[in-house]
Amino acid sequence: MRDISTKDIQQTVASLCVQANYHLPPDVLAALRKARAAEPSSVGQQILDQLLQNAGIAQEGVYPLCQDCGLAVVWIEMGQEVHVAGGDLYEAVQAGVRQGYDEGYLRRSIVDHPFTSRINTGDNTPAVIHTRIVPGDQMRLYVCPKGGGSENMSALAMLKPADGREGLIDFVTGIVDGAGANPCPPLIVGVGAGGNSEWAMIMAKHALLRPVGQPSPDPETAELEHDLLERVNALGIGPQGLGGRTTALAVNVETAPCHMTGLPVGVNLQCHAARHAEATL
């Protein structure tokens with residue numbers, strides 16, 4: 001059994017909140033550059049140039065990439081041989097979010113009493129925390145600030161088994177088409193297929209963690225990702241919704257077995273500022 005202190009967890013989460021909001025990951029930058037080279041629309045080219053310029057300004061000047069610094073989504077992969085020492089794991093994560101958003105001068109966007117007074121909590125907590133127990137004696141932390149424009153375009157469908165592959169493609173493509181410019185394309189499209197209603201949505205969100213351009217290790221799923229990306233980019237929405245080929249940089253799909261009577265499909269759209277940072281303790 002290996003001890004990991006809540007103090008180290010808090011400090012790591014705080015650092016990741018700032019890192020994720022200031023720096024686009026290398027895979028996303030590479031995908032944007034690749035899209036710029038392939039984009040046929042002159043307006044689309046200009047938009048992609050501006051997105052890359054914005055990322056450079058944020059990194060060099062130490063500014064947030066976007067004014068919407070997001071709801072902090074934290075994924076914890078916790079080794080089963082880890083003991084959290086010095087306090088409560090989730091309290092340490094929430095304290096890290098408070099610290100990071102304060103030290104990084106990041107916008108606080110979380111409101112309480114969501115259907116009445118909607119009072120800002122003042123520190124961007126509570127974060128949404130997902131925990132997975134894995135083998136080993138390490139803890140891996142992912143911080144993924146999720147902006148409202150893209151998150152508001154999330155969708156779930158409980159398809160019939162007879163809808164099959166084509167029904168799934170039609171549903172996902174229709175969600176992207178209906179979203180238009182709202183989620184700030186070019187997008188990364190996360191899809192969860194199977195499980196049940198909540199697991200499909202969690203898989204769709206988790207799929208966004210996979211590096212852009214890395215296909216699913218399952219050949220059948222990888223082929224689905226390819227076909228979905230072709231369909232999405234044929235919509236013509238383009239960068240920032242102003243037309244062009246690059247509506248999405250990638251479609252990442254996760255799957256799970258499901259009940260024989262259903263085909264749950266979750267969709268989570270990620271804007272071009274695909275912010276995430278990770279660290280291992």
# chains A, B, ... in the order shown; residues from 1 in each chain; ligands from 1
call {"tool": "residues_around", "arguments": {"residues": "A:Asp3", "least_positions_apart": "2", "cutoff": "9 Å", "atoms": "only C-alpha atoms", "output": "count of residues only"}}
result
8
call {"tool": "select_by_dssp", "arguments": {"residues": "stretch 169-237 of chain A", "states": "helix (DSSP H, G or I)", "output": "PyMOL selection string"}}
result
chain A and resi 169-179+197-209+219-233
call {"tool": "closest_residue", "arguments": {"among": "A:Thr173, A:Glu223, A:Gln240, A:Val97", "to": "A:Gln50", "atoms": "only C-alpha atoms"}}
result
A:Gln240
call {"tool": "closest_residue", "arguments": {"among": "A:Arg165, A:Arg140, A:Arg118, A:Arg107", "to": "A:Asn21", "atoms": "only C-alpha atoms"}}
result
A:Arg107
call {"tool": "closest_residue", "arguments": {"among": "A:Val73, A:Pro114, A:Ala204, A:Leu65", "to": "A:Gln53", "atoms": "only C-alpha atoms"}}
result
A:Leu65
call {"tool": "atom_distance", "arguments": {"atom1": "atom CA of A:Pro26", "atom2": "atom CA of A:Gly243"}}
result
25.4 Å
call {"tool": "atom_distance", "arguments": {"atom1": "atom CA of A:His206", "atom2": "atom CA of A:Ile133"}}
result
14.9 Å
call {"tool": "residues_around", "arguments": {"residues": "A:Thr261", "least_positions_apart": "3", "cutoff": "9 Å", "atoms": "only C-alpha atoms", "output": "PyMOL selection string"}}
result
chain A and resi 160-161+258
call {"tool": "write_last_selection", "arguments": {"atoms": "C-alpha atoms", "output": "short mmCIF file (atom, residue, chain, number, x, y, z; two decimals), in the first residue's frame"}}
result
data_model
loop_
_atom_site.label_atom_id
_atom_site.label_comp_id
_atom_site.auth_asym_id
_atom_site.auth_seq_id
_atom_site.Cartn_x
_atom_site.Cartn_y
_atom_site.Cartn_z
CA LYS A 160 -33.86 0.67 -30.93
CA PRO A 161 -31.62 -2.29 -31.80
CA CYS A 258 -25.95 -3.24 -23.51
#
call {"tool": "residues_around", "arguments": {"residues": "A:Met139", "least_positions_apart": "3", "cutoff": "9 Å", "atoms": "only C-alpha atoms", "output": "PyMOL selection string"}}
result
chain A and resi 4+76-79+82+134+136+279-281
call {"tool": "write_last_selection", "arguments": {"atoms": "N, CA and C atoms", "output": "mmCIF file, in the first residue's frame"}}
result
data_model
loop_
_atom_site.group_PDB
_atom_site.id
_atom_site.type_symbol
_atom_site.label_atom_id
_atom_site.label_comp_id
_atom_site.auth_asym_id
_atom_site.auth_seq_id
_atom_site.Cartn_x
_atom_site.Cartn_y
_atom_site.Cartn_z
ATOM 1 N N ILE A 4 -0.594 8.516 -0.627
ATOM 2 C CA ILE A 4 -0.554 9.770 -1.388
ATOM 3 C C ILE A 4 -1.304 10.807 -0.567
ATOM 4 N N ILE A 76 -10.319 10.693 -12.012
ATOM 5 C CA ILE A 76 -9.314 10.090 -11.138
ATOM 6 C C ILE A 76 -9.204 8.605 -11.477
ATOM 7 N N GLU A 77 -8.011 8.183 -11.886
ATOM 8 C CA GLU A 77 -7.714 6.760 -12.021
ATOM 9 C C GLU A 77 -6.870 6.385 -10.802
ATOM 10 N N MET A 78 -7.472 5.687 -9.881
ATOM 11 C CA MET A 78 -6.846 5.436 -8.580
ATOM 12 C C MET A 78 -6.424 3.986 -8.466
ATOM 13 N N GLY A 79 -5.130 3.791 -8.291
ATOM 14 C CA GLY A 79 -4.615 2.444 -8.116
ATOM 15 C C GLY A 79 -5.175 1.803 -6.858
ATOM 16 N N VAL A 82 -3.358 2.237 -3.534
ATOM 17 C CA VAL A 82 -3.150 3.598 -3.033
ATOM 18 C C VAL A 82 -3.989 3.833 -1.795
ATOM 19 N N VAL A 134 -8.172 1.228 -10.579
ATOM 20 C CA VAL A 134 -7.348 0.487 -11.532
ATOM 21 C C VAL A 134 -6.244 -0.230 -10.766
ATOM 22 N N GLY A 136 -2.493 -1.188 -9.459
ATOM 23 C CA GLY A 136 -1.275 -0.423 -9.252
ATOM 24 C C GLY A 136 -1.294 0.443 -8.017
ATOM 25 N N ALA A 279 -1.686 14.426 -14.809
ATOM 26 C CA ALA A 279 -0.466 14.201 -14.025
ATOM 27 C C ALA A 279 -0.630 12.885 -13.263
ATOM 28 N N THR A 280 0.500 12.265 -12.952
ATOM 29 C CA THR A 280 0.512 11.014 -12.206
ATOM 30 C C THR A 280 1.222 11.228 -10.875
ATOM 31 N N LEU A 281 0.593 10.782 -9.807
ATOM 32 C CA LEU A 281 1.201 10.854 -8.475
ATOM 33 C C LEU A 281 1.610 9.438 -8.032
#
call {"tool": "residues_around", "arguments": {"residues": "A:Trp75", "least_positions_apart": "4", "cutoff": "6 Å", "atoms": "only C-alpha atoms", "output": "PyMOL selection string"}}
result
chain A and resi 129-131+141-142
call {"tool": "select_by_dssp", "arguments": {"residues": "stretch 110-265 of chain A", "states": "strand (DSSP E)", "output": "PDB file with N, CA and C atoms, in the first residue's frame"}}
result
ATOM      1  N   VAL A 111     -22.952  28.043 -10.732  1.00  0.00           N
ATOM      2  CA  VAL A 111     -24.029  28.646  -9.953  1.00  0.00           C
ATOM      3  C   VAL A 111     -24.795  27.571  -9.190  1.00  0.00           C
ATOM      4  N   ASP A 112     -25.248  27.948  -8.000  1.00  0.00           N
ATOM      5  CA  ASP A 112     -26.063  27.071  -7.166  1.00  0.00           C
ATOM      6  C   ASP A 112     -27.541  27.397  -7.395  1.00  0.00           C
ATOM      7  N   ILE A 119     -27.182  31.440  -7.977  1.00  0.00           N
ATOM      8  CA  ILE A 119     -26.163  32.241  -7.302  1.00  0.00           C
ATOM      9  C   ILE A 119     -24.785  31.643  -7.565  1.00  0.00           C
ATOM     10  N   ASN A 120     -23.845  32.476  -8.015  1.00  0.00           N
ATOM     11  CA  ASN A 120     -22.491  32.005  -8.293  1.00  0.00           C
ATOM     12  C   ASN A 120     -21.838  31.528  -7.003  1.00  0.00           C
ATOM     13  N   VAL A 128     -17.069  18.371 -11.089  1.00  0.00           N
ATOM     14  CA  VAL A 128     -17.656  17.054 -11.335  1.00  0.00           C
ATOM     15  C   VAL A 128     -16.513  16.046 -11.324  1.00  0.00           C
ATOM     16  N   ILE A 129     -16.612  15.032 -10.476  1.00  0.00           N
ATOM     17  CA  ILE A 129     -15.518  14.086 -10.270  1.00  0.00           C
ATOM     18  C   ILE A 129     -15.960  12.682 -10.679  1.00  0.00           C
ATOM     19  N   HIS A 130     -15.140  12.040 -11.501  1.00  0.00           N
ATOM     20  CA  HIS A 130     -15.353  10.650 -11.884  1.00  0.00           C
ATOM     21  C   HIS A 130     -14.157   9.840 -11.394  1.00  0.00           C
ATOM     22  N   THR A 131     -14.407   8.719 -10.754  1.00  0.00           N
ATOM     23  CA  THR A 131     -13.334   7.898 -10.203  1.00  0.00           C
ATOM     24  C   THR A 131     -13.395   6.492 -10.768  1.00  0.00           C
ATOM     25  N   ARG A 132     -12.218   5.995 -11.175  1.00  0.00           N
ATOM     26  CA  ARG A 132     -12.099   4.615 -11.618  1.00  0.00           C
ATOM     27  C   ARG A 132     -10.980   3.946 -10.826  1.00  0.00           C
ATOM     28  N   ILE A 133     -11.252   2.768 -10.313  1.00  0.00           N
ATOM     29  CA  ILE A 133     -10.244   2.008  -9.584  1.00  0.00           C
ATOM     30  C   ILE A 133      -9.506   1.122 -10.582  1.00  0.00           C
ATOM     31  N   VAL A 134      -8.172   1.228 -10.579  1.00  0.00           N
ATOM     32  CA  VAL A 134      -7.348   0.487 -11.532  1.00  0.00           C
ATOM     33  C   VAL A 134      -6.244  -0.230 -10.766  1.00  0.00           C
ATOM     34  N   MET A 139      -1.779   7.232  -8.739  1.00  0.00           N
ATOM     35  CA  MET A 139      -3.026   7.934  -9.000  1.00  0.00           C
ATOM     36  C   MET A 139      -2.807   8.855 -10.195  1.00  0.00           C
ATOM     37  N   ARG A 140      -3.678   8.730 -11.183  1.00  0.00           N
ATOM     38  CA  ARG A 140      -3.597   9.588 -12.365  1.00  0.00           C
ATOM     39  C   ARG A 140      -4.775  10.551 -12.327  1.00  0.00           C
ATOM     40  N   LEU A 141      -4.468  11.829 -12.471  1.00  0.00           N
ATOM     41  CA  LEU A 141      -5.478  12.880 -12.406  1.00  0.00           C
ATOM     42  C   LEU A 141      -5.579  13.579 -13.755  1.00  0.00           C
ATOM     43  N   TYR A 142      -6.802  13.752 -14.240  1.00  0.00           N
ATOM     44  CA  TYR A 142      -7.080  14.503 -15.458  1.00  0.00           C
ATOM     45  C   TYR A 142      -8.015  15.654 -15.099  1.00  0.00           C
ATOM     46  N   VAL A 143      -7.666  16.856 -15.488  1.00  0.00           N
ATOM     47  CA  VAL A 143      -8.555  18.000 -15.303  1.00  0.00           C
ATOM     48  C   VAL A 143      -8.971  18.497 -16.672  1.00  0.00           C
ATOM     49  N   CYS A 144     -10.281  18.562 -16.882  1.00  0.00           N
ATOM     50  CA  CYS A 144     -10.838  18.908 -18.193  1.00  0.00           C
ATOM     51  C   CYS A 144     -11.882  19.999 -18.024  1.00  0.00           C
ATOM     52  N   PRO A 145     -11.496  21.273 -18.121  1.00  0.00           N
ATOM     53  CA  PRO A 145     -12.489  22.347 -18.033  1.00  0.00           C
ATOM     54  C   PRO A 145     -13.432  22.278 -19.236  1.00  0.00           C
ATOM     55  N   LYS A 146     -14.739  22.263 -18.983  1.00  0.00           N
ATOM     56  CA  LYS A 146     -15.726  22.100 -20.051  1.00  0.00           C
ATOM     57  C   LYS A 146     -16.587  23.342 -20.154  1.00  0.00           C
ATOM     58  N   ALA A 155     -26.277  15.307 -25.924  1.00  0.00           N
ATOM     59  CA  ALA A 155     -27.543  14.637 -26.251  1.00  0.00           C
ATOM     60  C   ALA A 155     -27.450  13.150 -25.962  1.00  0.00           C
ATOM     61  N   LEU A 156     -28.608  12.572 -25.676  1.00  0.00           N
ATOM     62  CA  LEU A 156     -28.732  11.131 -25.429  1.00  0.00           C
ATOM     63  C   LEU A 156     -29.922  10.618 -26.223  1.00  0.00           C
ATOM     64  N   ALA A 157     -29.737   9.479 -26.860  1.00  0.00           N
ATOM     65  CA  ALA A 157     -30.850   8.806 -27.538  1.00  0.00           C
ATOM     66  C   ALA A 157     -30.877   7.352 -27.110  1.00  0.00           C
ATOM     67  N   MET A 158     -32.050   6.873 -26.826  1.00  0.00           N
ATOM     68  CA  MET A 158     -32.234   5.458 -26.533  1.00  0.00           C
ATOM     69  C   MET A 158     -32.772   4.819 -27.808  1.00  0.00           C
ATOM     70  N   LEU A 159     -31.845   4.496 -28.706  1.00  0.00           N
ATOM     71  CA  LEU A 159     -32.228   3.943 -29.996  1.00  0.00           C
ATOM     72  C   LEU A 159     -32.725   2.511 -29.857  1.00  0.00           C
ATOM     73  N   LEU A 187     -14.743  20.757 -33.854  1.00  0.00           N
ATOM     74  CA  LEU A 187     -15.081  20.005 -32.659  1.00  0.00           C
ATOM     75  C   LEU A 187     -14.242  18.748 -32.507  1.00  0.00           C
ATOM     76  N   ILE A 188     -14.255  18.223 -31.305  1.00  0.00           N
ATOM     77  CA  ILE A 188     -13.981  16.812 -31.073  1.00  0.00           C
ATOM     78  C   ILE A 188     -15.307  16.235 -30.592  1.00  0.00           C
ATOM     79  N   VAL A 189     -15.774  15.215 -31.261  1.00  0.00           N
ATOM     80  CA  VAL A 189     -17.073  14.627 -30.962  1.00  0.00           C
ATOM     81  C   VAL A 189     -16.856  13.355 -30.158  1.00  0.00           C
ATOM     82  N   GLY A 190     -17.357  13.346 -28.928  1.00  0.00           N
ATOM     83  CA  GLY A 190     -17.296  12.159 -28.094  1.00  0.00           C
ATOM     84  C   GLY A 190     -18.600  11.397 -28.191  1.00  0.00           C
ATOM     85  N   VAL A 191     -18.510  10.100 -28.416  1.00  0.00           N
ATOM     86  CA  VAL A 191     -19.694   9.254 -28.558  1.00  0.00           C
ATOM     87  C   VAL A 191     -19.561   8.049 -27.631  1.00  0.00           C
ATOM     88  N   GLY A 192     -20.632   7.761 -26.902  1.00  0.00           N
ATOM     89  CA  GLY A 192     -20.713   6.545 -26.109  1.00  0.00           C
ATOM     90  C   GLY A 192     -21.844   5.687 -26.633  1.00  0.00           C
ATOM     91  N   ALA A 193     -21.557   4.454 -26.980  1.00  0.00           N
ATOM     92  CA  ALA A 193     -22.569   3.550 -27.538  1.00  0.00           C
ATOM     93  C   ALA A 193     -22.649   2.296 -26.681  1.00  0.00           C
ATOM     94  N   GLY A 194     -23.836   2.022 -26.160  1.00  0.00           N
ATOM     95  CA  GLY A 194     -24.034   0.848 -25.332  1.00  0.00           C
ATOM     96  C   GLY A 194     -24.183   1.200 -23.869  1.00  0.00           C
ATOM     97  N   GLY A 195     -24.043   0.191 -23.017  1.00  0.00           N
ATOM     98  CA  GLY A 195     -24.247   0.398 -21.590  1.00  0.00           C
ATOM     99  C   GLY A 195     -25.704   0.676 -21.299  1.00  0.00           C
ATOM    100  N   ALA A 248     -15.195  19.036 -37.650  1.00  0.00           N
ATOM    101  CA  ALA A 248     -14.652  18.279 -36.518  1.00  0.00           C
ATOM    102  C   ALA A 248     -13.221  17.857 -36.808  1.00  0.00           C
ATOM    103  N   LEU A 249     -12.419  17.848 -35.768  1.00  0.00           N
ATOM    104  CA  LEU A 249     -11.046  17.341 -35.863  1.00  0.00           C
ATOM    105  C   LEU A 249     -11.005  15.836 -35.671  1.00  0.00           C
ATOM    106  N   ALA A 250     -11.964  15.318 -34.916  1.00  0.00           N
ATOM    107  CA  ALA A 250     -11.982  13.879 -34.628  1.00  0.00           C
ATOM    108  C   ALA A 250     -13.347  13.483 -34.087  1.00  0.00           C
ATOM    109  N   VAL A 251     -13.675  12.227 -34.256  1.00  0.00           N
ATOM    110  CA  VAL A 251     -14.806  11.601 -33.567  1.00  0.00           C
ATOM    111  C   VAL A 251     -14.236  10.417 -32.791  1.00  0.00           C
ATOM    112  N   ASN A 252     -14.378  10.458 -31.482  1.00  0.00           N
ATOM    113  CA  ASN A 252     -13.883   9.388 -30.610  1.00  0.00           C
ATOM    114  C   ASN A 252     -15.071   8.632 -30.030  1.00  0.00           C
ATOM    115  N   VAL A 253     -15.076   7.320 -30.205  1.00  0.00           N
ATOM    116  CA  VAL A 253     -16.202   6.488 -29.777  1.00  0.00           C
ATOM    117  C   VAL A 253     -15.740   5.483 -28.738  1.00  0.00           C
ATOM    118  N   GLU A 254     -16.503   5.368 -27.655  1.00  0.00           N
ATOM    119  CA  GLU A 254     -16.324   4.288 -26.684  1.00  0.00           C
ATOM    120  C   GLU A 254     -17.593   3.445 -26.674  1.00  0.00           C
ATOM    121  N   THR A 255     -17.432   2.136 -26.479  1.00  0.00           N
ATOM    122  CA  THR A 255     -18.580   1.243 -26.508  1.00  0.00           C
ATOM    123  C   THR A 255     -18.597   0.343 -25.277  1.00  0.00           C
ATOM    124  N   ALA A 256     -19.773  -0.201 -25.004  1.00  0.00           N
ATOM    125  CA  ALA A 256     -19.946  -1.172 -23.921  1.00  0.00           C
ATOM    126  C   ALA A 256     -21.107  -2.076 -24.284  1.00  0.00           C
ATOM    127  N   PRO A 257     -21.119  -3.306 -23.765  1.00  0.00           N
ATOM    128  CA  PRO A 257     -22.288  -4.161 -23.967  1.00  0.00           C
ATOM    129  C   PRO A 257     -23.545  -3.501 -23.400  1.00  0.00           C
ATOM    130  N   CYS A 258     -24.693  -3.828 -23.981  1.00  0.00           N
ATOM    131  CA  CYS A 258     -25.949  -3.243 -23.511  1.00  0.00           C
ATOM    132  C   CYS A 258     -27.039  -4.305 -23.488  1.00  0.00           C
ATOM    133  N   LEU A 263     -30.288   0.350 -27.548  1.00  0.00           N
ATOM    134  CA  LEU A 263     -29.022   0.839 -28.094  1.00  0.00           C
ATOM    135  C   LEU A 263     -28.843   2.286 -27.634  1.00  0.00           C
ATOM    136  N   PRO A 264     -28.366   2.482 -26.382  1.00  0.00           N
ATOM    137  CA  PRO A 264     -28.144   3.844 -25.902  1.00  0.00           C
ATOM    138  C   PRO A 264     -26.978   4.494 -26.650  1.00  0.00           C
ATOM    139  N   VAL A 265     -27.146   5.758 -27.014  1.00  0.00           N
ATOM    140  CA  VAL A 265     -26.078   6.514 -27.670  1.00  0.00           C
ATOM    141  C   VAL A 265     -26.003   7.895 -27.036  1.00  0.00           C
TER     142      VAL A 265
END
